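Here is the file upload.pdb (PDB, N, CA and C atoms, pLDDT in the B column).
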```
ATOM      1  N   MET A   1       1.783  -4.301   3.797  1.00 53.00           N
ATOM      2  CA  MET A   1       2.377  -3.245   4.572  1.00 53.00           C
ATOM      3  C   MET A   1       2.293  -3.533   6.059  1.00 53.00           C
ATOM      4  N   LEU A   2       1.999  -4.779   6.408  1.00 60.00           N
ATOM      5  CA  LEU A   2       1.849  -5.121   7.821  1.00 60.00           C
ATOM      6  C   LEU A   2       3.137  -4.953   8.603  1.00 60.00           C
ATOM      7  N   ASP A   3       4.271  -5.209   7.972  1.00 73.00           N
ATOM      8  CA  ASP A   3       5.534  -5.135   8.694  1.00 73.00           C
ATOM      9  C   ASP A   3       6.226  -3.771   8.554  1.00 73.00           C
ATOM     10  N   MET A   4       5.550  -2.803   7.971  1.00 78.00           N
ATOM     11  CA  MET A   4       6.121  -1.472   7.755  1.00 78.00           C
ATOM     12  C   MET A   4       5.809  -0.590   8.968  1.00 78.00           C
ATOM     13  N   ASP A   5       6.844   0.044   9.525  1.00 85.00           N
ATOM     14  CA  ASP A   5       6.598   0.922  10.670  1.00 85.00           C
ATOM     15  C   ASP A   5       6.111   2.290  10.188  1.00 85.00           C
ATOM     16  N   ASP A   6       5.725   3.153  11.123  1.00 84.00           N
ATOM     17  CA  ASP A   6       5.156   4.461  10.783  1.00 84.00           C
ATOM     18  C   ASP A   6       6.091   5.314   9.942  1.00 84.00           C
ATOM     19  N   THR A   7       7.365   5.323  10.283  1.00 88.00           N
ATOM     20  CA  THR A   7       8.334   6.126   9.541  1.00 88.00           C
ATOM     21  C   THR A   7       8.450   5.654   8.100  1.00 88.00           C
ATOM     22  N   GLN A   8       8.522   4.337   7.901  1.00 90.00           N
ATOM     23  CA  GLN A   8       8.608   3.789   6.545  1.00 90.00           C
ATOM     24  C   GLN A   8       7.352   4.115   5.744  1.00 90.00           C
ATOM     25  N   TYR A   9       6.174   3.993   6.388  1.00 87.00           N
ATOM     26  CA  TYR A   9       4.912   4.263   5.714  1.00 87.00           C
ATOM     27  C   TYR A   9       4.850   5.728   5.243  1.00 87.00           C
ATOM     28  N   LEU A  10       5.156   6.657   6.130  1.00 88.00           N
ATOM     29  CA  LEU A  10       5.104   8.076   5.761  1.00 88.00           C
ATOM     30  C   LEU A  10       6.155   8.418   4.708  1.00 88.00           C
ATOM     31  N   ASN A  11       7.313   7.774   4.762  1.00 91.00           N
ATOM     32  CA  ASN A  11       8.341   7.963   3.738  1.00 91.00           C
ATOM     33  C   ASN A  11       7.828   7.472   2.385  1.00 91.00           C
ATOM     34  N   GLU A  12       7.173   6.325   2.373  1.00 89.00           N
ATOM     35  CA  GLU A  12       6.608   5.778   1.138  1.00 89.00           C
ATOM     36  C   GLU A  12       5.549   6.715   0.565  1.00 89.00           C
ATOM     37  N   VAL A  13       4.693   7.248   1.416  1.00 90.00           N
ATOM     38  CA  VAL A  13       3.657   8.185   0.973  1.00 90.00           C
ATOM     39  C   VAL A  13       4.297   9.417   0.336  1.00 90.00           C
ATOM     40  N   GLN A  14       5.324   9.966   0.970  1.00 91.00           N
ATOM     41  CA  GLN A  14       5.998  11.152   0.410  1.00 91.00           C
ATOM     42  C   GLN A  14       6.600  10.859  -0.959  1.00 91.00           C
ATOM     43  N   HIS A  15       7.214   9.706  -1.116  1.00 91.00           N
ATOM     44  CA  HIS A  15       7.807   9.349  -2.414  1.00 91.00           C
ATOM     45  C   HIS A  15       6.725   9.166  -3.473  1.00 91.00           C
ATOM     46  N   LEU A  16       5.649   8.475  -3.122  1.00 90.00           N
ATOM     47  CA  LEU A  16       4.573   8.239  -4.080  1.00 90.00           C
ATOM     48  C   LEU A  16       3.891   9.542  -4.494  1.00 90.00           C
ATOM     49  N   MET A  17       3.773  10.479  -3.571  1.00 89.00           N
ATOM     50  CA  MET A  17       3.134  11.759  -3.884  1.00 89.00           C
ATOM     51  C   MET A  17       3.995  12.607  -4.811  1.00 89.00           C
ATOM     52  N   SER A  18       5.297  12.404  -4.786  1.00 91.00           N
ATOM     53  CA  SER A  18       6.188  13.223  -5.615  1.00 91.00           C
ATOM     54  C   SER A  18       6.360  12.668  -7.031  1.00 91.00           C
ATOM     55  N   LEU A  19       5.929  11.439  -7.283  1.00 89.00           N
ATOM     56  CA  LEU A  19       6.084  10.843  -8.610  1.00 89.00           C
ATOM     57  C   LEU A  19       5.138  11.490  -9.610  1.00 89.00           C
ATOM     58  N   ARG A  20       5.678  11.873 -10.749  1.00 88.00           N
ATOM     59  CA  ARG A  20       4.870  12.448 -11.825  1.00 88.00           C
ATOM     60  C   ARG A  20       5.377  11.880 -13.147  1.00 88.00           C
ATOM     61  N   HIS A  21       4.627  10.909 -13.695  1.00 85.00           N
ATOM     62  CA  HIS A  21       4.999  10.317 -14.980  1.00 85.00           C
ATOM     63  C   HIS A  21       3.744   9.734 -15.608  1.00 85.00           C
ATOM     64  N   GLU A  22       3.637   9.833 -16.917  1.00 82.00           N
ATOM     65  CA  GLU A  22       2.433   9.364 -17.618  1.00 82.00           C
ATOM     66  C   GLU A  22       2.214   7.862 -17.490  1.00 82.00           C
ATOM     67  N   ASN A  23       3.257   7.097 -17.186  1.00 77.00           N
ATOM     68  CA  ASN A  23       3.120   5.642 -17.081  1.00 77.00           C
ATOM     69  C   ASN A  23       3.050   5.135 -15.640  1.00 77.00           C
ATOM     70  N   ILE A  24       2.948   6.035 -14.691  1.00 82.00           N
ATOM     71  CA  ILE A  24       2.858   5.645 -13.286  1.00 82.00           C
ATOM     72  C   ILE A  24       1.511   6.097 -12.736  1.00 82.00           C
ATOM     73  N   VAL A  25       0.816   5.185 -12.090  1.00 84.00           N
ATOM     74  CA  VAL A  25      -0.476   5.505 -11.496  1.00 84.00           C
ATOM     75  C   VAL A  25      -0.269   6.515 -10.373  1.00 84.00           C
ATOM     76  N   LYS A  26      -1.078   7.547 -10.357  1.00 89.00           N
ATOM     77  CA  LYS A  26      -0.939   8.646  -9.400  1.00 89.00           C
ATOM     78  C   LYS A  26      -1.564   8.282  -8.051  1.00 89.00           C
ATOM     79  N   LEU A  27      -0.841   8.623  -6.980  1.00 90.00           N
ATOM     80  CA  LEU A  27      -1.383   8.468  -5.636  1.00 90.00           C
ATOM     81  C   LEU A  27      -2.337   9.622  -5.387  1.00 90.00           C
ATOM     82  N   GLU A  28      -3.608   9.314  -5.140  1.00 91.00           N
ATOM     83  CA  GLU A  28      -4.616  10.355  -4.920  1.00 91.00           C
ATOM     84  C   GLU A  28      -4.677  10.789  -3.464  1.00 91.00           C
ATOM     85  N   GLY A  29      -4.380   9.877  -2.559  1.00 90.00           N
ATOM     86  CA  GLY A  29      -4.442  10.232  -1.147  1.00 90.00           C
ATOM     87  C   GLY A  29      -4.063   9.049  -0.277  1.00 90.00           C
ATOM     88  N   TYR A  30      -4.040   9.301   1.008  1.00 89.00           N
ATOM     89  CA  TYR A  30      -3.717   8.237   1.954  1.00 89.00           C
ATOM     90  C   TYR A  30      -4.447   8.489   3.257  1.00 89.00           C
ATOM     91  N   CYS A  31      -4.530   7.467   4.079  1.00 90.00           N
ATOM     92  CA  CYS A  31      -5.171   7.586   5.371  1.00 90.00           C
ATOM     93  C   CYS A  31      -4.340   6.811   6.385  1.00 90.00           C
ATOM     94  N   TYR A  32      -4.179   7.402   7.548  1.00 89.00           N
ATOM     95  CA  TYR A  32      -3.483   6.737   8.640  1.00 89.00           C
ATOM     96  C   TYR A  32      -4.287   7.013   9.903  1.00 89.00           C
ATOM     97  N   ASP A  33      -4.785   5.966  10.527  1.00 92.00           N
ATOM     98  CA  ASP A  33      -5.624   6.112  11.704  1.00 92.00           C
ATOM     99  C   ASP A  33      -5.224   5.061  12.727  1.00 92.00           C
ATOM    100  N   VAL A  34      -5.239   5.421  13.988  1.00 91.00           N
ATOM    101  CA  VAL A  34      -4.945   4.479  15.062  1.00 91.00           C
ATOM    102  C   VAL A  34      -6.185   4.359  15.930  1.00 91.00           C
ATOM    103  N   GLN A  35      -6.644   3.128  16.115  1.00 94.00           N
ATOM    104  CA  GLN A  35      -7.813   2.879  16.951  1.00 94.00           C
ATOM    105  C   GLN A  35      -7.415   1.983  18.110  1.00 94.00           C
ATOM    106  N   LYS A  36      -8.060   2.194  19.219  1.00 96.00           N
ATOM    107  CA  LYS A  36      -7.809   1.365  20.393  1.00 96.00           C
ATOM    108  C   LYS A  36      -8.745   0.159  20.359  1.00 96.00           C
ATOM    109  N   GLU A  37      -8.203  -1.015  20.640  1.00 95.00           N
ATOM    110  CA  GLU A  37      -8.995  -2.239  20.692  1.00 95.00           C
ATOM    111  C   GLU A  37      -8.641  -3.017  21.954  1.00 95.00           C
ATOM    112  N   VAL A  38      -9.619  -3.694  22.484  1.00 95.00           N
ATOM    113  CA  VAL A  38      -9.413  -4.538  23.652  1.00 95.00           C
ATOM    114  C   VAL A  38      -9.136  -5.951  23.157  1.00 95.00           C
ATOM    115  N   VAL A  39      -8.015  -6.513  23.575  1.00 93.00           N
ATOM    116  CA  VAL A  39      -7.659  -7.871  23.182  1.00 93.00           C
ATOM    117  C   VAL A  39      -7.327  -8.693  24.417  1.00 93.00           C
ATOM    118  N   GLN A  40      -7.574  -9.999  24.296  1.00 94.00           N
ATOM    119  CA  GLN A  40      -7.275 -10.892  25.397  1.00 94.00           C
ATOM    120  C   GLN A  40      -5.776 -11.158  25.447  1.00 94.00           C
ATOM    121  N   HIS A  41      -5.223 -11.100  26.640  1.00 92.00           N
ATOM    122  CA  HIS A  41      -3.791 -11.318  26.835  1.00 92.00           C
ATOM    123  C   HIS A  41      -3.603 -12.108  28.119  1.00 92.00           C
ATOM    124  N   LYS A  42      -3.035 -13.286  27.982  1.00 91.00           N
ATOM    125  CA  LYS A  42      -2.845 -14.184  29.122  1.00 91.00           C
ATOM    126  C   LYS A  42      -4.184 -14.422  29.806  1.00 91.00           C
ATOM    127  N   GLU A  43      -4.336 -13.983  31.034  1.00 91.00           N
ATOM    128  CA  GLU A  43      -5.586 -14.250  31.760  1.00 91.00           C
ATOM    129  C   GLU A  43      -6.497 -13.034  31.846  1.00 91.00           C
ATOM    130  N   GLY A  44      -6.184 -11.980  31.123  1.00 95.00           N
ATOM    131  CA  GLY A  44      -7.002 -10.773  31.189  1.00 95.00           C
ATOM    132  C   GLY A  44      -7.124 -10.108  29.842  1.00 95.00           C
ATOM    133  N   PHE A  45      -7.464  -8.852  29.886  1.00 96.00           N
ATOM    134  CA  PHE A  45      -7.625  -8.072  28.667  1.00 96.00           C
ATOM    135  C   PHE A  45      -6.743  -6.837  28.750  1.00 96.00           C
ATOM    136  N   ILE A  46      -6.253  -6.390  27.588  1.00 95.00           N
ATOM    137  CA  ILE A  46      -5.453  -5.176  27.537  1.00 95.00           C
ATOM    138  C   ILE A  46      -5.967  -4.296  26.402  1.00 95.00           C
ATOM    139  N   LEU A  47      -5.665  -3.014  26.496  1.00 95.00           N
ATOM    140  CA  LEU A  47      -6.035  -2.047  25.474  1.00 95.00           C
ATOM    141  C   LEU A  47      -4.805  -1.795  24.604  1.00 95.00           C
ATOM    142  N   VAL A  48      -4.947  -2.009  23.288  1.00 94.00           N
ATOM    143  CA  VAL A  48      -3.815  -1.836  22.378  1.00 94.00           C
ATOM    144  C   VAL A  48      -4.172  -0.835  21.276  1.00 94.00           C
ATOM    145  N   ASN A  49      -3.146  -0.185  20.740  1.00 92.00           N
ATOM    146  CA  ASN A  49      -3.311   0.703  19.585  1.00 92.00           C
ATOM    147  C   ASN A  49      -3.151  -0.118  18.316  1.00 92.00           C
ATOM    148  N   VAL A  50      -4.146  -0.040  17.432  1.00 90.00           N
ATOM    149  CA  VAL A  50      -4.094  -0.777  16.165  1.00 90.00           C
ATOM    150  C   VAL A  50      -4.089   0.233  15.018  1.00 90.00           C
ATOM    151  N   PRO A  51      -2.964   0.317  14.283  1.00 87.00           N
ATOM    152  CA  PRO A  51      -2.912   1.268  13.163  1.00 87.00           C
ATOM    153  C   PRO A  51      -3.648   0.719  11.934  1.00 87.00           C
ATOM    154  N   HIS A  52      -4.322   1.616  11.233  1.00 89.00           N
ATOM    155  CA  HIS A  52      -4.993   1.284   9.973  1.00 89.00           C
ATOM    156  C   HIS A  52      -4.439   2.234   8.920  1.00 89.00           C
ATOM    157  N   ARG A  53      -3.929   1.667   7.824  1.00 89.00           N
ATOM    158  CA  ARG A  53      -3.311   2.480   6.769  1.00 89.00           C
ATOM    159  C   ARG A  53      -3.958   2.164   5.428  1.00 89.00           C
ATOM    160  N   LEU A  54      -4.059   3.171   4.594  1.00 89.00           N
ATOM    161  CA  LEU A  54      -4.684   3.003   3.288  1.00 89.00           C
ATOM    162  C   LEU A  54      -4.010   3.924   2.283  1.00 89.00           C
ATOM    163  N   LEU A  55      -3.685   3.386   1.121  1.00 89.00           N
ATOM    164  CA  LEU A  55      -3.187   4.190   0.003  1.00 89.00           C
ATOM    165  C   LEU A  55      -4.265   4.165  -1.078  1.00 89.00           C
ATOM    166  N   CYS A  56      -4.584   5.317  -1.630  1.00 91.00           N
ATOM    167  CA  CYS A  56      -5.627   5.424  -2.649  1.00 91.00           C
ATOM    168  C   CYS A  56      -5.002   5.920  -3.950  1.00 91.00           C
ATOM    169  N   PHE A  57      -5.034   5.070  -4.977  1.00 89.00           N
ATOM    170  CA  PHE A  57      -4.451   5.414  -6.270  1.00 89.00           C
ATOM    171  C   PHE A  57      -5.553   5.753  -7.268  1.00 89.00           C
ATOM    172  N   GLU A  58      -5.176   6.457  -8.332  1.00 88.00           N
ATOM    173  CA  GLU A  58      -6.150   6.828  -9.354  1.00 88.00           C
ATOM    174  C   GLU A  58      -6.727   5.575 -10.014  1.00 88.00           C
ATOM    175  N   TYR A  59      -7.918   5.711 -10.550  1.00 85.00           N
ATOM    176  CA  TYR A  59      -8.612   4.618 -11.211  1.00 85.00           C
ATOM    177  C   TYR A  59      -7.948   4.303 -12.544  1.00 85.00           C
ATOM    178  N   MET A  60      -7.793   3.014 -12.834  1.00 79.00           N
ATOM    179  CA  MET A  60      -7.214   2.573 -14.105  1.00 79.00           C
ATOM    180  C   MET A  60      -8.326   1.959 -14.951  1.00 79.00           C
ATOM    181  N   PRO A  61      -8.910   2.702 -15.893  1.00 80.00           N
ATOM    182  CA  PRO A  61     -10.059   2.197 -16.653  1.00 80.00           C
ATOM    183  C   PRO A  61      -9.746   0.974 -17.508  1.00 80.00           C
ATOM    184  N   ASN A  62      -8.508   0.790 -17.907  1.00 77.00           N
ATOM    185  CA  ASN A  62      -8.159  -0.358 -18.741  1.00 77.00           C
ATOM    186  C   ASN A  62      -7.588  -1.521 -17.950  1.00 77.00           C
ATOM    187  N   GLY A  63      -7.693  -1.471 -16.649  1.00 73.00           N
ATOM    188  CA  GLY A  63      -7.218  -2.572 -15.814  1.00 73.00           C
ATOM    189  C   GLY A  63      -5.720  -2.524 -15.566  1.00 73.00           C
ATOM    190  N   SER A  64      -5.230  -3.606 -15.015  1.00 71.00           N
ATOM    191  CA  SER A  64      -3.829  -3.700 -14.638  1.00 71.00           C
ATOM    192  C   SER A  64      -2.920  -3.829 -15.856  1.00 71.00           C
ATOM    193  N   LEU A  65      -1.732  -3.274 -15.724  1.00 70.00           N
ATOM    194  CA  LEU A  65      -0.731  -3.383 -16.780  1.00 70.00           C
ATOM    195  C   LEU A  65      -0.347  -4.840 -16.994  1.00 70.00           C
ATOM    196  N   ARG A  66      -0.383  -5.645 -15.947  1.00 72.00           N
ATOM    197  CA  ARG A  66      -0.067  -7.069 -16.056  1.00 72.00           C
ATOM    198  C   ARG A  66      -0.944  -7.756 -17.100  1.00 72.00           C
ATOM    199  N   LYS A  67      -2.219  -7.380 -17.164  1.00 71.00           N
ATOM    200  CA  LYS A  67      -3.142  -7.967 -18.138  1.00 71.00           C
ATOM    201  C   LYS A  67      -2.677  -7.680 -19.568  1.00 71.00           C
ATOM    202  N   HIS A  68      -2.137  -6.494 -19.793  1.00 69.00           N
ATOM    203  CA  HIS A  68      -1.720  -6.096 -21.132  1.00 69.00           C
ATOM    204  C   HIS A  68      -0.344  -6.649 -21.503  1.00 69.00           C
ATOM    205  N   LEU A  69       0.479  -6.948 -20.519  1.00 73.00           N
ATOM    206  CA  LEU A  69       1.823  -7.450 -20.786  1.00 73.00           C
ATOM    207  C   LEU A  69       1.921  -8.975 -20.762  1.00 73.00           C
ATOM    208  N   SER A  70       0.927  -9.648 -20.229  1.00 65.00           N
ATOM    209  CA  SER A  70       1.026 -11.094 -20.007  1.00 65.00           C
ATOM    210  C   SER A  70       1.357 -11.889 -21.270  1.00 65.00           C
ATOM    211  N   GLY A  71       0.808 -11.510 -22.415  1.00 62.00           N
ATOM    212  CA  GLY A  71       1.067 -12.240 -23.642  1.00 62.00           C
ATOM    213  C   GLY A  71       2.343 -11.822 -24.345  1.00 62.00           C
ATOM    214  N   MET A  72       2.889 -10.662 -23.993  1.00 57.00           N
ATOM    215  CA  MET A  72       4.057 -10.129 -24.692  1.00 57.00           C
ATOM    216  C   MET A  72       5.313 -10.970 -24.480  1.00 57.00           C
ATOM    217  N   PHE A  73       5.428 -11.593 -23.311  1.00 55.00           N
ATOM    218  CA  PHE A  73       6.661 -12.307 -22.992  1.00 55.00           C
ATOM    219  C   PHE A  73       6.488 -13.822 -22.982  1.00 55.00           C
ATOM    220  N   SER A  74       5.396 -14.325 -23.550  1.00 55.00           N
ATOM    221  CA  SER A  74       5.133 -15.765 -23.534  1.00 55.00           C
ATOM    222  C   SER A  74       6.155 -16.536 -24.379  1.00 55.00           C
ATOM    223  N   ASN A  75       6.751 -15.906 -25.398  1.00 56.00           N
ATOM    224  CA  ASN A  75       7.745 -16.586 -26.251  1.00 56.00           C
ATOM    225  C   ASN A  75       9.181 -16.336 -25.781  1.00 56.00           C
ATOM    226  N   PHE A  76       9.330 -15.606 -24.704  1.00 53.00           N
ATOM    227  CA  PHE A  76      10.661 -15.275 -24.198  1.00 53.00           C
ATOM    228  C   PHE A  76      11.302 -16.522 -23.587  1.00 53.00           C
ATOM    229  N   ARG A  77      12.553 -16.806 -23.968  1.00 50.00           N
ATOM    230  CA  ARG A  77      13.273 -17.965 -23.431  1.00 50.00           C
ATOM    231  C   ARG A  77      14.511 -17.470 -22.696  1.00 50.00           C
ATOM    232  N   ARG A  78      14.830 -18.144 -21.608  1.00 48.00           N
ATOM    233  CA  ARG A  78      15.998 -17.768 -20.803  1.00 48.00           C
ATOM    234  C   ARG A  78      17.258 -18.357 -21.371  1.00 48.00           C
TER
END
```

Could you express the structure from this file as C-alpha cells?
Amino acid sequence: MLDMDDTQYLNEVQHLMSLRHENIVKLEGYCYDVQKEVVQHKEGFILVNVPHRLLCFEYMPNGSLRKHLSGMFSNFRR
C-alpha cells in the first residue's frame, strides 16, 4: 500500500468494511496515523510527514486459503 494515496486508502477501508460474506475474511479495524520525522535532505535536515497505515482482519484459525487450494489445481493443464 506504499503507492496508495489517502483517498484510495480510505475508499478501500470503506469497501472492506461493507463486505459481508461467509467466505471473505472480515475487516476488524484500521489505523491511520501521521508522524513527523526529521530526514536529511541535501546539506541539511527537513521535517516530513510520514503516514502509517494498518488494516486488521479477523483471525483465520485454519490458515490461508492458499494452503487449502494449493493441491486442488496441481493436475490442471492449460

- Find the residues around region 30-35 of chain A up to 12 Å (only C-alpha atoms counted), leave out those fewer than 3 positions away in its own chain, and share them as JSON, numbers by chain. {"A": [5, 6, 7, 9, 10, 12, 13, 14, 16, 17, 26, 27, 38, 47, 48, 49, 50, 51, 52, 53, 54, 55, 56, 57, 58]}

Preceding selection exported with N, CA and C atoms as a PDB file, in the coordinates of the input:
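File result_2.pdb, as written:
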```
ATOM      1  N   ASP A   5       6.844   0.044   9.525  1.00 85.00           N
ATOM      2  CA  ASP A   5       6.598   0.922  10.670  1.00 85.00           C
ATOM      3  C   ASP A   5       6.111   2.290  10.188  1.00 85.00           C
ATOM      4  N   ASP A   6       5.725   3.153  11.123  1.00 84.00           N
ATOM      5  CA  ASP A   6       5.156   4.461  10.783  1.00 84.00           C
ATOM      6  C   ASP A   6       6.091   5.314   9.942  1.00 84.00           C
ATOM      7  N   THR A   7       7.365   5.323  10.283  1.00 88.00           N
ATOM      8  CA  THR A   7       8.334   6.126   9.541  1.00 88.00           C
ATOM      9  C   THR A   7       8.450   5.654   8.100  1.00 88.00           C
ATOM     10  N   TYR A   9       6.174   3.993   6.388  1.00 87.00           N
ATOM     11  CA  TYR A   9       4.912   4.263   5.714  1.00 87.00           C
ATOM     12  C   TYR A   9       4.850   5.728   5.243  1.00 87.00           C
ATOM     13  N   LEU A  10       5.156   6.657   6.130  1.00 88.00           N
ATOM     14  CA  LEU A  10       5.104   8.076   5.761  1.00 88.00           C
ATOM     15  C   LEU A  10       6.155   8.418   4.708  1.00 88.00           C
ATOM     16  N   GLU A  12       7.173   6.325   2.373  1.00 89.00           N
ATOM     17  CA  GLU A  12       6.608   5.778   1.138  1.00 89.00           C
ATOM     18  C   GLU A  12       5.549   6.715   0.565  1.00 89.00           C
ATOM     19  N   VAL A  13       4.693   7.248   1.416  1.00 90.00           N
ATOM     20  CA  VAL A  13       3.657   8.185   0.973  1.00 90.00           C
ATOM     21  C   VAL A  13       4.297   9.417   0.336  1.00 90.00           C
ATOM     22  N   GLN A  14       5.324   9.966   0.970  1.00 91.00           N
ATOM     23  CA  GLN A  14       5.998  11.152   0.410  1.00 91.00           C
ATOM     24  C   GLN A  14       6.600  10.859  -0.959  1.00 91.00           C
ATOM     25  N   LEU A  16       5.649   8.475  -3.122  1.00 90.00           N
ATOM     26  CA  LEU A  16       4.573   8.239  -4.080  1.00 90.00           C
ATOM     27  C   LEU A  16       3.891   9.542  -4.494  1.00 90.00           C
ATOM     28  N   MET A  17       3.773  10.479  -3.571  1.00 89.00           N
ATOM     29  CA  MET A  17       3.134  11.759  -3.884  1.00 89.00           C
ATOM     30  C   MET A  17       3.995  12.607  -4.811  1.00 89.00           C
ATOM     31  N   LYS A  26      -1.078   7.547 -10.357  1.00 89.00           N
ATOM     32  CA  LYS A  26      -0.939   8.646  -9.400  1.00 89.00           C
ATOM     33  C   LYS A  26      -1.564   8.282  -8.051  1.00 89.00           C
ATOM     34  N   LEU A  27      -0.841   8.623  -6.980  1.00 90.00           N
ATOM     35  CA  LEU A  27      -1.383   8.468  -5.636  1.00 90.00           C
ATOM     36  C   LEU A  27      -2.337   9.622  -5.387  1.00 90.00           C
ATOM     37  N   VAL A  38      -9.619  -3.694  22.484  1.00 95.00           N
ATOM     38  CA  VAL A  38      -9.413  -4.538  23.652  1.00 95.00           C
ATOM     39  C   VAL A  38      -9.136  -5.951  23.157  1.00 95.00           C
ATOM     40  N   LEU A  47      -5.665  -3.014  26.496  1.00 95.00           N
ATOM     41  CA  LEU A  47      -6.035  -2.047  25.474  1.00 95.00           C
ATOM     42  C   LEU A  47      -4.805  -1.795  24.604  1.00 95.00           C
ATOM     43  N   VAL A  48      -4.947  -2.009  23.288  1.00 94.00           N
ATOM     44  CA  VAL A  48      -3.815  -1.836  22.378  1.00 94.00           C
ATOM     45  C   VAL A  48      -4.172  -0.835  21.276  1.00 94.00           C
ATOM     46  N   ASN A  49      -3.146  -0.185  20.740  1.00 92.00           N
ATOM     47  CA  ASN A  49      -3.311   0.703  19.585  1.00 92.00           C
ATOM     48  C   ASN A  49      -3.151  -0.118  18.316  1.00 92.00           C
ATOM     49  N   VAL A  50      -4.146  -0.040  17.432  1.00 90.00           N
ATOM     50  CA  VAL A  50      -4.094  -0.777  16.165  1.00 90.00           C
ATOM     51  C   VAL A  50      -4.089   0.233  15.018  1.00 90.00           C
ATOM     52  N   PRO A  51      -2.964   0.317  14.283  1.00 87.00           N
ATOM     53  CA  PRO A  51      -2.912   1.268  13.163  1.00 87.00           C
ATOM     54  C   PRO A  51      -3.648   0.719  11.934  1.00 87.00           C
ATOM     55  N   HIS A  52      -4.322   1.616  11.233  1.00 89.00           N
ATOM     56  CA  HIS A  52      -4.993   1.284   9.973  1.00 89.00           C
ATOM     57  C   HIS A  52      -4.439   2.234   8.920  1.00 89.00           C
ATOM     58  N   ARG A  53      -3.929   1.667   7.824  1.00 89.00           N
ATOM     59  CA  ARG A  53      -3.311   2.480   6.769  1.00 89.00           C
ATOM     60  C   ARG A  53      -3.958   2.164   5.428  1.00 89.00           C
ATOM     61  N   LEU A  54      -4.059   3.171   4.594  1.00 89.00           N
ATOM     62  CA  LEU A  54      -4.684   3.003   3.288  1.00 89.00           C
ATOM     63  C   LEU A  54      -4.010   3.924   2.283  1.00 89.00           C
ATOM     64  N   LEU A  55      -3.685   3.386   1.121  1.00 89.00           N
ATOM     65  CA  LEU A  55      -3.187   4.190   0.003  1.00 89.00           C
ATOM     66  C   LEU A  55      -4.265   4.165  -1.078  1.00 89.00           C
ATOM     67  N   CYS A  56      -4.584   5.317  -1.630  1.00 91.00           N
ATOM     68  CA  CYS A  56      -5.627   5.424  -2.649  1.00 91.00           C
ATOM     69  C   CYS A  56      -5.002   5.920  -3.950  1.00 91.00           C
ATOM     70  N   PHE A  57      -5.034   5.070  -4.977  1.00 89.00           N
ATOM     71  CA  PHE A  57      -4.451   5.414  -6.270  1.00 89.00           C
ATOM     72  C   PHE A  57      -5.553   5.753  -7.268  1.00 89.00           C
ATOM     73  N   GLU A  58      -5.176   6.457  -8.332  1.00 88.00           N
ATOM     74  CA  GLU A  58      -6.150   6.828  -9.354  1.00 88.00           C
ATOM     75  C   GLU A  58      -6.727   5.575 -10.014  1.00 88.00           C
TER      76      GLU A  58
END
```

- Interatomic distance between CA of Glu22 (chain A) and CA of Gln8 (chain A)? 25.6 Å

- Message: Using DSSP assignments from the backbone, pull out every residue in chain A that falls under strand (DSSP E) and give it to me as a list in words.
- Response: Leu27, Glu28, Gly29, Tyr30, Cys31, Tyr32, Asp33, Val34, Gln35, Lys36, Glu37, Val38, Val39, Gln40, His41, Gly44, Phe45, Ile46, Leu47, Val48, Asn49, Val50, Pro51, His52, Arg53, Leu54, Leu55, Cys56 and Phe57 of chain A

- Task: Mind giving me the straight-line distance from CA of Pro61 (chain A) to CA of His21 (chain A) in Å, one decimal?
- Result: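 Separation between CA of Pro61 (chain A) and CA of His21 (chain A): 17.2 Å.
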
Around all listed atoms of region 39-56 of chain A, padded 8 Å per side, what centre and edge lengths does the axis-aligned box have in Å to one decimal, as JSON?
```
{"center_x": -5.4, "center_y": -4.3, "center_z": 13.9, "size_x": 21.2, "size_y": 36.3, "size_z": 51.8}
```

- Message: From a backbone DSSP assignment, name each residue in chain A labelled helix (DSSP H, G or I), as a list of chain:residue names.
- Response: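 In chain A, DSSP puts these residues in helix (DSSP H, G or I): A:Asp6, A:Thr7, A:Gln8, A:Tyr9, A:Leu10, A:Asn11, A:Glu12, A:Val13, A:Gln14, A:His15, A:Leu16, A:Met17, A:Ser18, A:Leu65, A:Arg66, A:Lys67, A:His68, A:Leu69.
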
- Gap from CA of Tyr59 (chain A) to atom C of Asp3 (chain A) - Å, one decimal: 26.1 Å

From the coordinates supplied, region 12-18 of chain A should be written with N, CA, C and O atoms, as a tab-separated table (two decimals), in the first residue's frame.
```tsv
chain	number	residue	atom	x	y	z
A	12	GLU	N	-10.71	2.17	0.14
A	12	GLU	CA	-10.51	0.73	0.33
A	12	GLU	C	-11.06	0.29	1.68
A	12	GLU	O	-11.72	-0.75	1.79
A	13	VAL	N	-10.81	1.06	2.72
A	13	VAL	CA	-11.32	0.74	4.05
A	13	VAL	C	-12.85	0.69	4.04
A	13	VAL	O	-13.46	-0.24	4.57
A	14	GLN	N	-13.48	1.68	3.41
A	14	GLN	CA	-14.95	1.70	3.35
A	14	GLN	C	-15.50	0.48	2.62
A	14	GLN	O	-16.49	-0.12	3.07
A	15	HIS	N	-14.87	0.09	1.54
A	15	HIS	CA	-15.33	-1.09	0.79
A	15	HIS	C	-15.15	-2.36	1.62
A	15	HIS	O	-16.04	-3.21	1.67
A	16	LEU	N	-14.00	-2.50	2.26
A	16	LEU	CA	-13.73	-3.69	3.06
A	16	LEU	C	-14.68	-3.79	4.26
A	16	LEU	O	-15.11	-4.88	4.64
A	17	MET	N	-15.04	-2.66	4.84
A	17	MET	CA	-15.94	-2.66	5.99
A	17	MET	C	-17.36	-3.05	5.58
A	17	MET	O	-18.12	-3.58	6.39
A	18	SER	N	-17.73	-2.81	4.34
A	18	SER	CA	-19.09	-3.11	3.90
A	18	SER	C	-19.26	-4.56	3.43
A	18	SER	O	-20.40	-5.01	3.27
```
